[in-house]
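Chemist: Just one file: target-v5.txt, with compact mmCIF, C-alpha atoms.
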# COMPACT_ATOMS: atom_id res chain seq x y z
CA MET A 1 -4.17 43.03 0.15
CA ASN A 2 -5.40 40.24 -2.11
CA ALA A 3 -8.93 39.18 -2.85
CA ARG A 4 -10.71 37.89 0.21
CA GLN A 5 -14.07 36.48 0.84
CA THR A 6 -16.63 39.21 1.49
CA PRO A 7 -18.01 40.56 3.68
CA TYR A 8 -15.23 42.24 5.57
CA TYR A 9 -14.81 45.84 6.74
CA ALA A 10 -12.96 48.92 5.55
CA VAL A 11 -12.04 52.05 7.47
CA ILE A 12 -11.75 54.86 4.93
CA PHE A 13 -9.71 57.63 6.50
CA SER A 14 -9.20 60.81 4.49
CA SER A 15 -7.38 63.83 5.87
CA ARG A 16 -5.69 67.12 5.21
CA LEU A 17 -2.69 68.02 7.34
CA THR A 18 -1.72 71.27 9.04
CA ASP A 19 1.57 72.99 8.24
CA ASP A 20 3.08 71.45 11.40
CA ILE A 21 3.81 67.92 10.24
CA ALA A 22 6.97 67.33 12.30
CA GLY A 23 6.80 63.75 13.55
CA TYR A 24 3.78 62.85 11.45
CA SER A 25 5.31 60.39 9.01
CA ASP A 26 7.22 58.52 11.75
CA MET A 27 4.02 58.18 13.74
CA ALA A 28 2.04 57.10 10.68
CA GLU A 29 4.64 54.42 9.91
CA ARG A 30 4.69 53.13 13.50
CA THR A 31 0.91 53.09 13.65
CA GLU A 32 0.70 51.13 10.40
CA GLN A 33 3.17 48.55 11.73
CA LEU A 34 1.21 48.26 14.96
CA ALA A 35 -2.08 47.82 13.08
CA LYS A 36 -0.62 44.83 11.23
CA LEU A 37 -0.20 43.02 14.54
CA GLN A 38 -3.85 43.39 15.58
CA PRO A 39 -6.32 40.49 15.50
CA GLY A 40 -8.61 40.75 12.50
CA TYR A 41 -6.29 43.00 10.49
CA LEU A 42 -6.52 42.20 6.76
CA GLY A 43 -4.65 44.95 4.95
CA PHE A 44 -3.79 48.60 4.50
CA GLU A 45 -3.24 51.02 1.63
CA SER A 46 -2.44 54.70 1.71
CA ALA A 47 -1.75 57.59 -0.67
CA ARG A 48 -1.32 61.33 -0.26
CA ASN A 49 -1.32 63.67 -3.23
CA ALA A 50 0.59 66.86 -3.93
CA GLU A 51 -2.40 69.00 -2.87
CA GLY A 52 -2.24 67.48 0.62
CA LEU A 53 -5.24 65.15 0.54
CA GLY A 54 -4.42 61.77 2.05
CA ILE A 55 -6.55 58.64 1.84
CA SER A 56 -5.76 55.58 3.95
CA VAL A 57 -7.91 52.49 3.91
CA SER A 58 -7.46 49.71 6.44
CA TYR A 59 -9.30 46.41 6.09
CA TRP A 60 -10.62 44.32 8.97
CA ARG A 61 -12.41 41.06 9.54
CA ASP A 62 -15.30 42.63 11.48
CA THR A 63 -16.37 45.69 13.47
CA ALA A 64 -15.13 44.14 16.73
CA ALA A 65 -11.59 44.17 15.29
CA ILE A 66 -12.00 47.84 14.31
CA GLN A 67 -13.27 48.74 17.77
CA ALA A 68 -10.40 46.92 19.50
CA TRP A 69 -7.84 48.70 17.30
CA ARG A 70 -9.52 52.03 17.96
CA GLU A 71 -9.15 51.44 21.70
CA HIS A 72 -5.51 50.27 21.54
CA ILE A 73 -3.55 52.51 23.91
CA GLU A 74 -0.73 53.36 21.50
CA HIS A 75 -3.19 54.04 18.73
CA GLN A 76 -5.10 56.34 21.09
CA SER A 77 -1.91 58.32 21.70
CA ALA A 78 -1.36 58.67 17.96
CA ILE A 79 -4.94 59.84 17.44
CA GLU A 80 -4.59 62.38 20.23
CA LEU A 81 -1.39 63.81 18.69
CA GLY A 82 -3.12 63.93 15.34
CA TYR A 83 -5.91 66.09 16.72
CA GLN A 84 -3.47 68.30 18.62
CA ARG A 85 -1.01 68.90 15.81
CA TRP A 86 -1.35 67.25 12.46
CA TYR A 87 -4.88 67.10 11.16
CA GLN A 88 -6.56 70.10 9.63
CA GLN A 89 -9.57 68.10 8.54
CA LEU A 90 -10.55 64.45 8.56
CA HIS A 91 -13.30 62.09 7.51
CA ILE A 92 -13.61 58.56 8.83
CA ARG A 93 -16.03 56.09 7.34
CA ILE A 94 -16.67 52.54 8.49
CA ALA A 95 -17.91 50.48 5.58
CA ARG A 96 -18.88 46.87 5.00
CA VAL A 97 -17.20 45.52 1.87
CA GLU A 98 -19.80 43.54 -0.03
CA ARG A 99 -18.03 42.90 -3.31
CA SER A 100 -14.40 42.87 -4.33
CA TYR A 101 -12.65 42.63 -7.67
CA ASP A 102 -8.92 42.33 -8.30
CA TRP A 103 -7.09 42.52 -11.60
CA GLU A 104 -3.46 42.46 -12.59
CA ARG A 105 -1.85 42.86 -16.01
CA THR A 106 -0.14 39.67 -17.11
CA MET B 107 -18.07 65.36 0.66
CA ASN B 108 -19.68 66.38 3.92
CA ALA B 109 -21.32 64.19 6.51
CA ARG B 110 -24.40 62.43 5.22
CA GLN B 111 -26.88 60.13 6.69
CA THR B 112 -25.73 56.53 6.56
CA PRO B 113 -26.08 54.08 4.98
CA TYR B 114 -24.71 55.01 1.59
CA TYR B 115 -22.17 53.31 -0.64
CA ALA B 116 -18.48 53.71 -1.42
CA VAL B 117 -16.50 52.40 -4.38
CA ILE B 118 -12.90 52.06 -3.23
CA PHE B 119 -10.71 51.95 -6.33
CA SER B 120 -6.98 51.44 -5.82
CA SER B 121 -4.56 51.09 -8.72
CA ARG B 122 -1.00 51.10 -9.92
CA LEU B 123 -0.32 52.50 -13.37
CA THR B 124 1.85 51.25 -16.21
CA ASP B 125 4.70 53.36 -17.61
CA ASP B 126 2.40 54.41 -20.49
CA ILE B 127 0.26 57.05 -18.82
CA ALA B 128 -0.21 59.34 -21.83
CA GLY B 129 -3.80 60.57 -21.72
CA TYR B 130 -4.50 59.13 -18.30
CA SER B 131 -4.92 62.29 -16.24
CA ASP B 132 -7.16 63.94 -18.86
CA MET B 133 -9.36 60.88 -18.94
CA ALA B 134 -9.44 60.67 -15.13
CA GLU B 135 -10.49 64.32 -14.93
CA ARG B 136 -13.21 63.91 -17.57
CA THR B 137 -14.50 60.76 -15.90
CA GLU B 138 -14.65 62.49 -12.52
CA GLN B 139 -16.64 65.39 -14.02
CA LEU B 140 -18.99 62.94 -15.71
CA ALA B 141 -19.51 60.98 -12.48
CA LYS B 142 -20.67 64.16 -10.73
CA LEU B 143 -23.59 64.40 -13.16
CA GLN B 144 -24.91 60.92 -12.43
CA PRO B 145 -28.03 60.28 -10.34
CA GLY B 146 -27.13 59.15 -6.83
CA TYR B 147 -23.61 60.61 -6.93
CA LEU B 148 -22.60 61.88 -3.47
CA GLY B 149 -18.89 62.65 -3.65
CA PHE B 150 -15.39 61.75 -4.75
CA GLU B 151 -11.87 61.91 -3.34
CA SER B 152 -8.62 60.77 -4.87
CA ALA B 153 -4.91 60.66 -4.07
CA ARG B 154 -1.87 59.11 -5.73
CA ASN B 155 1.45 58.86 -3.93
CA ALA B 156 5.02 59.09 -5.18
CA GLU B 157 5.33 55.28 -5.29
CA GLY B 158 2.50 55.13 -7.82
CA LEU B 159 -0.32 53.78 -5.68
CA GLY B 160 -3.56 55.65 -6.31
CA ILE B 161 -6.71 55.45 -4.22
CA SER B 162 -9.98 56.94 -5.44
CA VAL B 163 -13.18 56.66 -3.49
CA SER B 164 -16.53 57.63 -4.97
CA TYR B 165 -19.67 57.78 -2.85
CA TRP B 166 -23.16 56.84 -4.01
CA ARG B 167 -26.67 56.75 -2.69
CA ASP B 168 -27.18 53.03 -3.41
CA THR B 169 -25.93 50.10 -5.47
CA ALA B 170 -28.35 50.89 -8.32
CA ALA B 171 -26.56 54.24 -8.79
CA ILE B 172 -23.20 52.43 -8.86
CA GLN B 173 -24.46 49.92 -11.39
CA ALA B 174 -25.87 52.66 -13.65
CA TRP B 175 -22.57 54.57 -13.54
CA ARG B 176 -20.65 51.38 -14.29
CA GLU B 177 -22.77 50.86 -17.40
CA HIS B 178 -22.54 54.47 -18.64
CA ILE B 179 -21.17 54.32 -22.18
CA GLU B 180 -18.45 56.96 -21.74
CA HIS B 181 -17.38 55.40 -18.48
CA GLN B 182 -17.18 52.03 -20.23
CA SER B 183 -14.83 53.54 -22.82
CA ALA B 184 -12.62 54.96 -20.07
CA ILE B 185 -12.52 51.58 -18.31
CA GLU B 186 -11.62 49.83 -21.56
CA LEU B 187 -8.73 52.23 -22.21
CA GLY B 188 -7.60 51.75 -18.63
CA TYR B 189 -7.31 47.99 -19.11
CA GLN B 190 -5.62 48.39 -22.49
CA ARG B 191 -3.03 50.97 -21.49
CA TRP B 192 -2.93 52.47 -18.05
CA TYR B 193 -3.58 50.00 -15.27
CA GLN B 194 -0.90 47.64 -14.07
CA GLN B 195 -2.97 46.43 -11.16
CA LEU B 196 -6.29 47.36 -9.65
CA HIS B 197 -8.61 46.54 -6.80
CA ILE B 198 -12.24 47.59 -6.70
CA ARG B 199 -14.35 47.22 -3.61
CA ILE B 200 -18.02 48.04 -3.20
CA ALA B 201 -18.75 48.87 0.41
CA ARG B 202 -21.77 49.97 2.40
CA VAL B 203 -20.88 52.93 4.63
CA GLU B 204 -22.42 52.28 8.00
CA ARG B 205 -20.86 55.03 10.11
CA SER B 206 -19.30 58.34 9.24
CA TYR B 207 -17.36 60.88 11.29
CA ASP B 208 -16.15 64.29 10.17
CA TRP B 209 -13.90 66.71 11.99
CA GLU B 210 -12.32 70.03 11.14
CA ARG B 211 -9.88 72.16 13.10
CA THR B 212 -11.47 75.44 14.16
What does the file become when written as structure tokens?

Modeler:
Amino acid sequence: MNARQTPYYAVIFSSRLTDDIAGYSDMAERTEQLAKLQPGYLGFESARNAEGLGISVSYWRDTAAIQAWREHIEHQSAIELGYQRWYQQLHIRIARVERSYDWERT
Amino acid sequence: MNARQTPYYAVIFSSRLTDDIAGYSDMAERTEQLAKLQPGYLGFESARNAEGLGISVSYWRDTAAIQAWREHIEHQSAIELGYQRWYQQLHIRIARVERSYDWERT
């Protein structure tokens, strides 16, 4: 995601997975593709380290866009499966991005 | 970091590294330890994936704490080295955390 005019919103999602991660990466990929189609979607970035901590941040125009995505039926199914099988621990934070700085080596 | 009363602040730092990462992980570790000693520090989480995208999020009581940490002399040195050697690309976002949700499998 490139620089955009603030304010906009970020959903900071950090998680640790269980040992039963069958199906997880397919679902994560599908959910990311589906998110891109939602109104107000601005961007997404995700990383998971060797110790199992994953951080995904999705960016949205406003809280209404976040709420609509949260209520999307396919997303709801993914969330439900996550609670049943995949997540050991999670933290979700909704944050208003007030300043943004981008830099690239030239 | 556990649940805390909102609002507080997050610095979302995402980066891609150059091929010259000698010294990077030592500096990142030292900088993280130093951050923990700063007034207003609330927490930190970090992940870097196999494709080289890293996301670090630090949490702070308010923007004054973020500004003070930004101006810390040792942190400034780390930032300078980062620009000289380690970062290919980076995005920094300062965001006000408005809602927070934590869950753990029992």

Chemist: Give me, as a PyMOL selection string, the residues of chain B touching chain A, with the criterion being at most 10 Å (counting only C-alpha atoms).

Modeler: chain B and resi 107-109+112-122+124+151-163+189-212

Chemist: Restricting the calculation to all atoms listed in the file, which member of B:Ala171, B:Leu123, B:Ile179, B:Ala184 is positioned closest to Glu138 (chain B)?

Modeler: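 For Glu138 (chain B), the nearest of the given residues is B:Ala184.
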
Chemist: So how many Å separate CA of Gln139 (chain B) and CA of Phe44 (chain A), to one decimal?

Modeler: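 Distance reported for this atom pair: 28.1 Å.
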
Chemist: Could you tell me how far CA of Leu148 (chain B) lies from CA of Trp166 (chain B), in Å and to one decimal?

Modeler: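 According to the coordinates, CA of Leu148 (chain B) and CA of Trp166 (chain B) are separated by 5.1 Å.
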
Chemist: Separation of CA of Asp20 (chain A) and CA of Gly149 (chain B), in Å?

Modeler: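 CA of Gly149 (chain B) lies at a distance of 28.0 Å from CA of Asp20 (chain A).
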
Chemist: Which centre and edge lengths in Å to one decimal define the box along x, y and z that fits every listed atom of region 31-50 of chain A plus 8 Å per side, as JSON?

Modeler:
{"center_x": -2.7, "center_y": 53.7, "center_z": 5.8, "size_x": 27.8, "size_y": 42.4, "size_z": 35.5}
